[in-house]
file target_14.pdb (PDB, C-alpha atoms)
ATOM      1  CA  MET A 784       7.951  -5.642  10.823  1.00  0.00           C
ATOM      2  CA  ARG A 785       6.643  -9.036   9.764  1.00  0.00           C
ATOM      3  CA  SER A 786       3.179  -9.914   8.571  1.00  0.00           C
ATOM      4  CA  PRO A 787       1.584 -12.225   6.010  1.00  0.00           C
ATOM      5  CA  PHE A 788       1.435 -10.324   2.770  1.00  0.00           C
ATOM      6  CA  SER A 789       0.688 -11.033  -0.829  1.00  0.00           C
ATOM      7  CA  HIS A 790       2.518 -10.574  -4.067  1.00  0.00           C
ATOM      8  CA  LEU A 791      -0.829  -9.230  -5.212  1.00  0.00           C
ATOM      9  CA  ALA A 792      -1.072  -6.341  -2.777  1.00  0.00           C
ATOM     10  CA  ILE A 793       0.440  -3.044  -2.641  1.00  0.00           C
ATOM     11  CA  THR A 794      -0.028  -1.139  -2.524  1.00  0.00           C
ATOM     12  CA  ALA A 795      -0.067  -0.992  -1.097  1.00  0.00           C
ATOM     13  CA  ALA A 796       0.712  -1.516  -0.556  1.00  0.00           C
ATOM     14  CA  ALA A 797       2.391  -1.565  -2.673  1.00  0.00           C
ATOM     15  CA  LEU A 798       2.328   0.144  -0.073  1.00  0.00           C
ATOM     16  CA  ALA A 799       6.355  -0.436   4.428  1.00  0.00           C
ATOM     17  CA  LEU A 800       6.780  -1.635   7.959  1.00  0.00           C
ATOM     18  CA  ILE A 801       4.701  -4.392   9.608  1.00  0.00           C
ATOM     19  CA  ALA A 802       3.863  -4.132  13.280  1.00  0.00           C
ATOM     20  CA  ALA A 803       1.990  -7.357  13.911  1.00  0.00           C
ATOM     21  CA  THR A 804       2.234 -10.779  12.290  1.00  0.00           C
ATOM     22  CA  PRO A 805      -1.004 -12.765  12.123  1.00  0.00           C
ATOM     23  CA  ARG A 806      -1.262 -16.484  11.298  1.00  0.00           C
ATOM     24  CA  VAL A 807       0.223 -17.588   7.973  1.00  0.00           C
ATOM     25  CA  THR A 808      -1.651 -19.834   5.535  1.00  0.00           C
ATOM     26  CA  THR A 809      -0.450 -22.159   2.799  1.00  0.00           C
ATOM     27  CA  GLY A 810       1.247 -20.199   0.025  1.00  0.00           C
ATOM     28  CA  SER A 811       1.428 -17.002   2.101  1.00  0.00           C
ATOM     29  CA  LEU A 812       4.260 -14.522   1.788  1.00  0.00           C
ATOM     30  CA  THR A 813       6.040 -12.569   4.493  1.00  0.00           C
ATOM     31  CA  LEU A 814       7.155  -8.985   4.009  1.00  0.00           C
ATOM     32  CA  ARG A 815      10.927  -8.619   4.303  1.00  0.00           C
ATOM     33  CA  GLU A 816      12.775  -5.769   5.931  1.00  0.00           C
ATOM     34  CA  GLY A 817      13.630  -3.109   3.390  1.00  0.00           C
ATOM     35  CA  SER A 818      10.140  -2.984   1.926  1.00  0.00           C
ATOM     36  CA  LYS A 819       8.802   0.540   1.511  1.00  0.00           C
ATOM     37  CA  LEU A 820       5.498   2.344   1.058  1.00  0.00           C
ATOM     38  CA  TRP A 821       5.335   6.100   0.699  1.00  0.00           C
ATOM     39  CA  PHE A 822       3.129   8.930  -0.553  1.00  0.00           C
ATOM     40  CA  ASP A 823       4.361  11.800  -2.722  1.00  0.00           C
ATOM     41  CA  GLY A 824       2.533  15.062  -3.299  1.00  0.00           C
ATOM     42  CA  THR A 825       2.945  18.685  -4.244  1.00  0.00           C
ATOM     43  CA  SER A 826       2.096  22.081  -2.804  1.00  0.00           C
ATOM     44  CA  THR A 827       2.380  25.692  -3.872  1.00  0.00           C
ATOM     45  CA  LEU A 828       5.649  25.855  -1.912  1.00  0.00           C
ATOM     46  CA  ARG A 829       7.407  22.525  -2.483  1.00  0.00           C
ATOM     47  CA  SER A 830       6.889  18.818  -3.045  1.00  0.00           C
ATOM     48  CA  TRP A 831       6.460  16.572  -0.011  1.00  0.00           C
ATOM     49  CA  SER A 832       6.597  12.903   0.939  1.00  0.00           C
ATOM     50  CA  CYS A 833       5.013  10.849   3.742  1.00  0.00           C
ATOM     51  CA  THR A 834       6.051   7.332   4.760  1.00  0.00           C
ATOM     52  CA  ALA A 835       3.684   4.611   5.949  1.00  0.00           C
ATOM     53  CA  ASP A 836       5.318   3.328   9.131  1.00  0.00           C
ATOM     54  CA  LYS A 837       2.821   0.517   9.681  1.00  0.00           C
ATOM     55  CA  ILE A 838       0.810  -1.841   7.481  1.00  0.00           C
ATOM     56  CA  GLU A 839      -1.472  -4.699   8.446  1.00  0.00           C
ATOM     57  CA  ALA A 840      -2.107  -7.135   5.614  1.00  0.00           C
ATOM     58  CA  ALA A 841      -3.695 -10.538   5.103  1.00  0.00           C
ATOM     59  CA  LEU A 842      -3.436 -13.020   2.221  1.00  0.00           C
ATOM     60  CA  SER A 843      -5.319 -16.265   1.778  1.00  0.00           C
ATOM     61  CA  THR A 844      -4.247 -18.581  -1.063  1.00  0.00           C
ATOM     62  CA  PRO A 845      -4.082 -22.361  -1.553  1.00  0.00           C
ATOM     63  CA  ASP A 846      -1.136 -22.064  -3.971  1.00  0.00           C
ATOM     64  CA  GLU A 847       2.173 -23.279  -2.488  1.00  0.00           C
ATOM     65  CA  SER A 848       4.091 -22.103  -5.587  1.00  0.00           C
ATOM     66  CA  VAL A 849       2.811 -18.545  -5.479  1.00  0.00           C
ATOM     67  CA  VAL A 850       6.237 -16.956  -6.169  1.00  0.00           C
ATOM     68  CA  ALA A 851       7.223 -19.234  -9.051  1.00  0.00           C
ATOM     69  CA  ASN A 852       3.802 -19.039 -10.679  1.00  0.00           C
ATOM     70  CA  THR A 853       3.676 -15.266 -10.438  1.00  0.00           C
ATOM     71  CA  LEU A 854       7.130 -14.863 -12.003  1.00  0.00           C
ATOM     72  CA  ASP A 855       5.962 -17.199 -14.777  1.00  0.00           C
ATOM     73  CA  GLY A 856       3.090 -14.855 -15.527  1.00  0.00           C
ATOM     74  CA  LYS A 857       0.400 -17.120 -14.078  1.00  0.00           C
ATOM     75  CA  GLU A 858      -2.539 -15.897 -12.059  1.00  0.00           C
ATOM     76  CA  VAL A 859      -2.892 -17.292  -8.538  1.00  0.00           C
ATOM     77  CA  ALA A 860      -6.163 -17.747  -6.659  1.00  0.00           C
ATOM     78  CA  GLY A 861      -6.358 -15.796  -3.435  1.00  0.00           C
ATOM     79  CA  THR A 862      -7.824 -12.915  -1.496  1.00  0.00           C
ATOM     80  CA  VAL A 863      -6.022  -9.836  -0.237  1.00  0.00           C
ATOM     81  CA  GLN A 864      -6.850  -7.100   2.236  1.00  0.00           C
ATOM     82  CA  VAL A 865      -4.430  -4.349   3.234  1.00  0.00           C
ATOM     83  CA  ASP A 866      -4.929  -1.855   6.066  1.00  0.00           C
ATOM     84  CA  PHE A 867      -2.654   0.989   7.045  1.00  0.00           C
ATOM     85  CA  PRO A 868      -3.450   3.303   9.975  1.00  0.00           C
ATOM     86  CA  VAL A 869      -3.451   6.887   8.730  1.00  0.00           C
ATOM     87  CA  SER A 870      -2.226   8.087  12.118  1.00  0.00           C
ATOM     88  CA  LYS A 871       1.073   6.326  11.339  1.00  0.00           C
ATOM     89  CA  LEU A 872       1.816   8.433   8.267  1.00  0.00           C
ATOM     90  CA  GLU A 873       5.071  10.328   8.877  1.00  0.00           C
ATOM     91  CA  CYS A 874       5.724  13.434   6.776  1.00  0.00           C
ATOM     92  CA  LYS A 875       8.858  14.524   8.697  1.00  0.00           C
ATOM     93  CA  ASN A 876       7.115  17.766   9.546  1.00  0.00           C
ATOM     94  CA  GLY A 877       4.929  18.136  12.616  1.00  0.00           C
ATOM     95  CA  THR A 878       2.693  20.758  11.023  1.00  0.00           C
ATOM     96  CA  MET A 879       2.202  18.674   7.896  1.00  0.00           C
ATOM     97  CA  ASN A 880       1.451  15.594  10.008  1.00  0.00           C
ATOM     98  CA  GLU A 881      -1.235  17.531  11.871  1.00  0.00           C
ATOM     99  CA  HIS A 882      -2.861  18.953   8.751  1.00  0.00           C
ATOM    100  CA  MET A 883      -2.818  15.598   6.935  1.00  0.00           C
ATOM    101  CA  GLY A 884      -4.407  13.992   9.980  1.00  0.00           C
ATOM    102  CA  LYS A 885      -7.214  16.532   9.954  1.00  0.00           C
ATOM    103  CA  ALA A 886      -7.737  16.223   6.200  1.00  0.00           C
ATOM    104  CA  LEU A 887      -7.923  12.411   6.406  1.00  0.00           C
ATOM    105  CA  LYS A 888     -10.196  12.572   9.487  1.00  0.00           C
ATOM    106  CA  THR A 889      -8.027  10.163  11.449  1.00  0.00           C
ATOM    107  CA  LYS A 890     -10.187  10.464  14.571  1.00  0.00           C
ATOM    108  CA  GLU A 891     -13.243   9.215  12.656  1.00  0.00           C
ATOM    109  CA  PHE A 892     -11.625   6.847  10.166  1.00  0.00           C
ATOM    110  CA  SER A 893      -8.465   5.254  11.509  1.00  0.00           C
ATOM    111  CA  ASN A 894      -7.555   3.041   8.533  1.00  0.00           C
ATOM    112  CA  ILE A 895      -7.030   3.208   4.809  1.00  0.00           C
ATOM    113  CA  ARG A 896      -8.098  -0.163   3.380  1.00  0.00           C
ATOM    114  CA  PHE A 897      -7.428  -1.783   0.011  1.00  0.00           C
ATOM    115  CA  THR A 898      -9.413  -4.929  -0.823  1.00  0.00           C
ATOM    116  CA  MET A 899      -8.559  -6.817  -3.989  1.00  0.00           C
ATOM    117  CA  THR A 900     -11.462  -8.175  -6.028  1.00  0.00           C
ATOM    118  CA  SER A 901      -9.553  -9.484  -9.064  1.00  0.00           C
ATOM    119  CA  TYR A 902      -6.264  -9.092 -10.911  1.00  0.00           C
ATOM    120  CA  GLN A 903      -4.470  -9.748 -14.184  1.00  0.00           C
ATOM    121  CA  VAL A 904      -0.833 -10.691 -14.794  1.00  0.00           C
ATOM    122  CA  ALA A 905       1.187 -10.857 -18.026  1.00  0.00           C
ATOM    123  CA  LYS A 906       4.710 -11.985 -18.876  1.00  0.00           C
ATOM    124  CA  GLY A 907       6.692 -10.031 -21.461  1.00  0.00           C
ATOM    125  CA  SER A 908      10.057  -8.340 -21.094  1.00  0.00           C
ATOM    126  CA  ALA A 909       8.897  -7.998 -17.478  1.00  0.00           C
ATOM    127  CA  VAL A 910       6.127  -9.600 -15.453  1.00  0.00           C
ATOM    128  CA  THR A 911       3.457  -6.976 -14.881  1.00  0.00           C
ATOM    129  CA  GLY A 912      -0.064  -6.965 -13.547  1.00  0.00           C
ATOM    130  CA  THR A 913      -3.029  -4.862 -12.513  1.00  0.00           C
ATOM    131  CA  LEU A 914      -4.866  -5.242  -9.229  1.00  0.00           C
ATOM    132  CA  GLN A 915      -8.561  -4.436  -9.317  1.00  0.00           C
ATOM    133  CA  GLY A 916     -10.230  -3.655  -6.035  1.00  0.00           C
ATOM    134  CA  THR A 917     -11.676  -1.033  -3.748  1.00  0.00           C
ATOM    135  CA  LEU A 918      -9.997   1.650  -1.689  1.00  0.00           C
ATOM    136  CA  GLN A 919     -11.649   2.785   1.520  1.00  0.00           C
ATOM    137  CA  LEU A 920     -10.378   6.225   2.388  1.00  0.00           C
ATOM    138  CA  SER A 921     -11.776   8.729   4.869  1.00  0.00           C
ATOM    139  CA  GLY A 922     -15.052   6.808   5.123  1.00  0.00           C
ATOM    140  CA  LYS A 923     -15.651   6.553   1.364  1.00  0.00           C
ATOM    141  CA  THR A 924     -15.143   3.372  -0.692  1.00  0.00           C
ATOM    142  CA  MET A 925     -14.458   3.508  -4.442  1.00  0.00           C
ATOM    143  CA  PRO A 926     -13.022   1.161  -7.099  1.00  0.00           C
ATOM    144  CA  ILE A 927      -9.336   1.491  -7.963  1.00  0.00           C
ATOM    145  CA  SER A 928      -6.808  -0.150 -10.310  1.00  0.00           C
ATOM    146  CA  VAL A 929      -3.209  -0.581  -9.157  1.00  0.00           C
ATOM    147  CA  PRO A 930      -0.467  -1.372 -11.718  1.00  0.00           C
ATOM    148  CA  VAL A 931       2.413  -3.539 -10.435  1.00  0.00           C
ATOM    149  CA  THR A 932       5.662  -5.040 -11.691  1.00  0.00           C
ATOM    150  CA  PHE A 933       6.996  -8.360 -10.350  1.00  0.00           C
ATOM    151  CA  GLY A 934      10.659  -9.329 -10.132  1.00  0.00           C
ATOM    152  CA  THR A 935      13.159 -11.267  -8.029  1.00  0.00           C
ATOM    153  CA  ALA A 936      14.843  -9.777  -4.968  1.00  0.00           C
ATOM    154  CA  ALA A 937      17.675 -11.192  -2.844  1.00  0.00           C
ATOM    155  CA  ASP A 938      17.444 -14.831  -1.730  1.00  0.00           C
ATOM    156  CA  GLY A 939      14.683 -15.514  -4.241  1.00  0.00           C
ATOM    157  CA  ALA A 940      12.164 -13.183  -2.651  1.00  0.00           C
ATOM    158  CA  LEU A 941       9.428 -11.719  -4.831  1.00  0.00           C
ATOM    159  CA  ARG A 942       9.794  -8.002  -5.467  1.00  0.00           C
ATOM    160  CA  VAL A 943       6.633  -6.022  -6.186  1.00  0.00           C
ATOM    161  CA  THR A 944       6.894  -2.390  -7.254  1.00  0.00           C
ATOM    162  CA  GLY A 945       4.500   0.202  -8.560  1.00  0.00           C
ATOM    163  CA  LYS A 946       2.731   3.483  -8.038  1.00  0.00           C
ATOM    164  CA  VAL A 947      -0.809   4.755  -8.385  1.00  0.00           C
ATOM    165  CA  PRO A 948      -2.178   8.317  -8.274  1.00  0.00           C
ATOM    166  CA  VAL A 949      -5.047   9.053  -5.888  1.00  0.00           C
ATOM    167  CA  THR A 950      -7.061  12.274  -6.175  1.00  0.00           C
ATOM    168  CA  MET A 951      -8.057  13.231  -2.653  1.00  0.00           C
ATOM    169  CA  THR A 952     -11.122  15.245  -3.718  1.00  0.00           C
ATOM    170  CA  GLU A 953     -12.647  12.129  -5.334  1.00  0.00           C
ATOM    171  CA  TRP A 954     -12.772  10.608  -1.852  1.00  0.00           C
ATOM    172  CA  GLY A 955     -14.312  13.739  -0.368  1.00  0.00           C
ATOM    173  CA  ILE A 956     -11.007  14.912   1.144  1.00  0.00           C
ATOM    174  CA  LYS A 957     -10.152  18.598   1.135  1.00  0.00           C
ATOM    175  CA  PRO A 958      -6.406  18.994   0.474  1.00  0.00           C
ATOM    176  CA  PRO A 959      -4.662  20.562   3.480  1.00  0.00           C
ATOM    177  CA  THR A 960      -3.675  24.228   3.587  1.00  0.00           C
ATOM    178  CA  LEU A 961      -0.926  25.692   5.734  1.00  0.00           C
ATOM    179  CA  MET A 962       0.188  29.134   6.847  1.00  0.00           C
ATOM    180  CA  LEU A 963      -3.354  30.571   6.886  1.00  0.00           C
ATOM    181  CA  GLY A 964      -3.997  29.263   3.386  1.00  0.00           C
ATOM    182  CA  SER A 965      -0.867  30.697   1.780  1.00  0.00           C
ATOM    183  CA  ILE A 966       0.428  27.156   1.156  1.00  0.00           C
ATOM    184  CA  LYS A 967      -1.949  24.760  -0.567  1.00  0.00           C
ATOM    185  CA  VAL A 968      -1.411  21.026  -1.010  1.00  0.00           C
ATOM    186  CA  GLY A 969      -2.175  19.630  -4.469  1.00  0.00           C
ATOM    187  CA  PRO A 970      -5.178  17.278  -4.726  1.00  0.00           C
ATOM    188  CA  VAL A 971      -3.265  14.356  -6.291  1.00  0.00           C
ATOM    189  CA  VAL A 972      -1.164  12.043  -4.104  1.00  0.00           C
ATOM    190  CA  THR A 973       0.968   9.284  -5.632  1.00  0.00           C
ATOM    191  CA  VAL A 974       1.158   6.045  -3.631  1.00  0.00           C
ATOM    192  CA  ASN A 975       4.516   4.324  -4.247  1.00  0.00           C
ATOM    193  CA  PHE A 976       5.554   0.875  -3.079  1.00  0.00           C
ATOM    194  CA  ASP A 977       8.629  -1.333  -3.267  1.00  0.00           C
ATOM    195  CA  LEU A 978       7.917  -4.623  -1.506  1.00  0.00           C
ATOM    196  CA  GLN A 979      10.086  -7.715  -1.016  1.00  0.00           C
ATOM    197  CA  LEU A 980       8.097 -10.824  -0.204  1.00  0.00           C
ATOM    198  CA  GLN A 981       9.361 -14.236   0.854  1.00  0.00           C
ATOM    199  CA  LYS A 982       7.458 -17.485   1.250  1.00  0.00           C
ATOM    200  CA  SER A 983       6.390 -18.543   4.728  1.00  0.00           C
ATOM    201  CA  SER A 984       6.196 -22.218   5.544  1.00  0.00           C
ATOM    202  CA  SER A 985       5.200 -22.066   9.198  1.00  0.00           C
ATOM    203  CA  VAL A 986       2.977 -20.180  11.576  1.00  0.00           C
ATOM    204  CA  ALA A 987       4.651 -16.961  12.704  1.00  0.00           C
ATOM    205  CA  GLN A 988       4.198 -15.753  16.233  1.00  0.00           C
TER
END

call {"tool": "encode", "arguments": {"input": "target_14.pdb", "output": "structure tokens"}}
result
Amino acid sequence: MRSPFSHLAITAAALALIAATPRVTTGSLTLREGSKLWFDGTSTLRSWSCTADKIEAALSTPDESVVANTLDGKEVAGTVQVDFPVSKLECKNGTMNEHMGKALKTKEFSNIRFTMTSYQVAKGSAVTGTLQGTLQLSGKTMPISVPVTFGTAADGALRVTGKVPVTMTEWGIKPPTLMLGSIKVGPVVTVNFDLQLQKSSSVAQ
């Protein structure tokens, strides 16, 4: 569950468990255990929630003081890309898993990808920011803004929290239906994330 990750990313990210850990670069952050990424939605029967059990993320930044600078409300140069395999979404319901997989076309498009293009950060009563980037979902790529809040977690780790609504129909996704259409899933899904990031000073294997 370890991988280089950025204080800038969620989504997804904010958005979680890491399966593979690629090479770390100067100023990179590592996702700590306890980080979470989940998706909440509604249906005509009840609300539902799916957890992202795997995320692959990469951060490149030359800033060695990325945590301190972020908590001071300073912008840090860097690039971020976040991938999470849609087949790893777990809705705690086999039928819902199957229907979500079909709706997201997991056989054709295996990943959901967020790529950051720019961001803003501000320090007030809390340190907040907005990530600007693109979201690639079910084969369609569109711009998206992700609001985040930065804070301090245990042992000085950087905590990044936030949520962003995603309307499935805007990405050409037909919301799933169950029980021969008697149960319909709402078109809006909220992506929630609560990430704890610590600085990495060496190459992780």

call {"tool": "resolve_selection", "arguments": {"input": "target_14.pdb", "expression": "the PyMOL selection byres ((chain A and resi 818) around 8)", "output": "list in words"}}
result
Ala799, Leu800, Leu814, Arg815, Glu816, Gly817, Lys819, Leu820, Phe976, Asp977, Leu978 and Gln979 of chain A

call {"tool": "atom_distance", "arguments": {"input": "target_14.pdb", "atom1": "CA of Gln915 in chain A", "atom2": "CA of Ile927 in chain A"}}
result
6.1 Å

call {"tool": "atom_distance", "arguments": {"input": "target_14.pdb", "atom1": "CA of Thr973 in chain A", "atom2": "CA of Thr935 in chain A"}}
result
24.0 Å

call {"tool": "closest_residue", "arguments": {"input": "target_14.pdb", "among": "A:Val849, A:Leu828, A:Met925, A:Ile895", "to": "Gly964 in chain A", "atoms": "only C-alpha atoms"}}
result
A:Leu828

call {"tool": "closest_residue", "arguments": {"input": "target_14.pdb", "among": "A:Leu980, A:Pro959, A:Asp938, A:Gly969", "to": "Ala886 in chain A", "atoms": "only C-alpha atoms"}}
result
A:Pro959

call {"tool": "residues_around", "arguments": {"input": "target_14.pdb", "residues": "Lys871 in chain A", "least_positions_apart": "3", "cutoff": "10 Å", "atoms": "only C-alpha atoms", "output": "PyMOL selection string"}}
result
chain A and resi 833-838+867-868+874+880+884+889+893-894
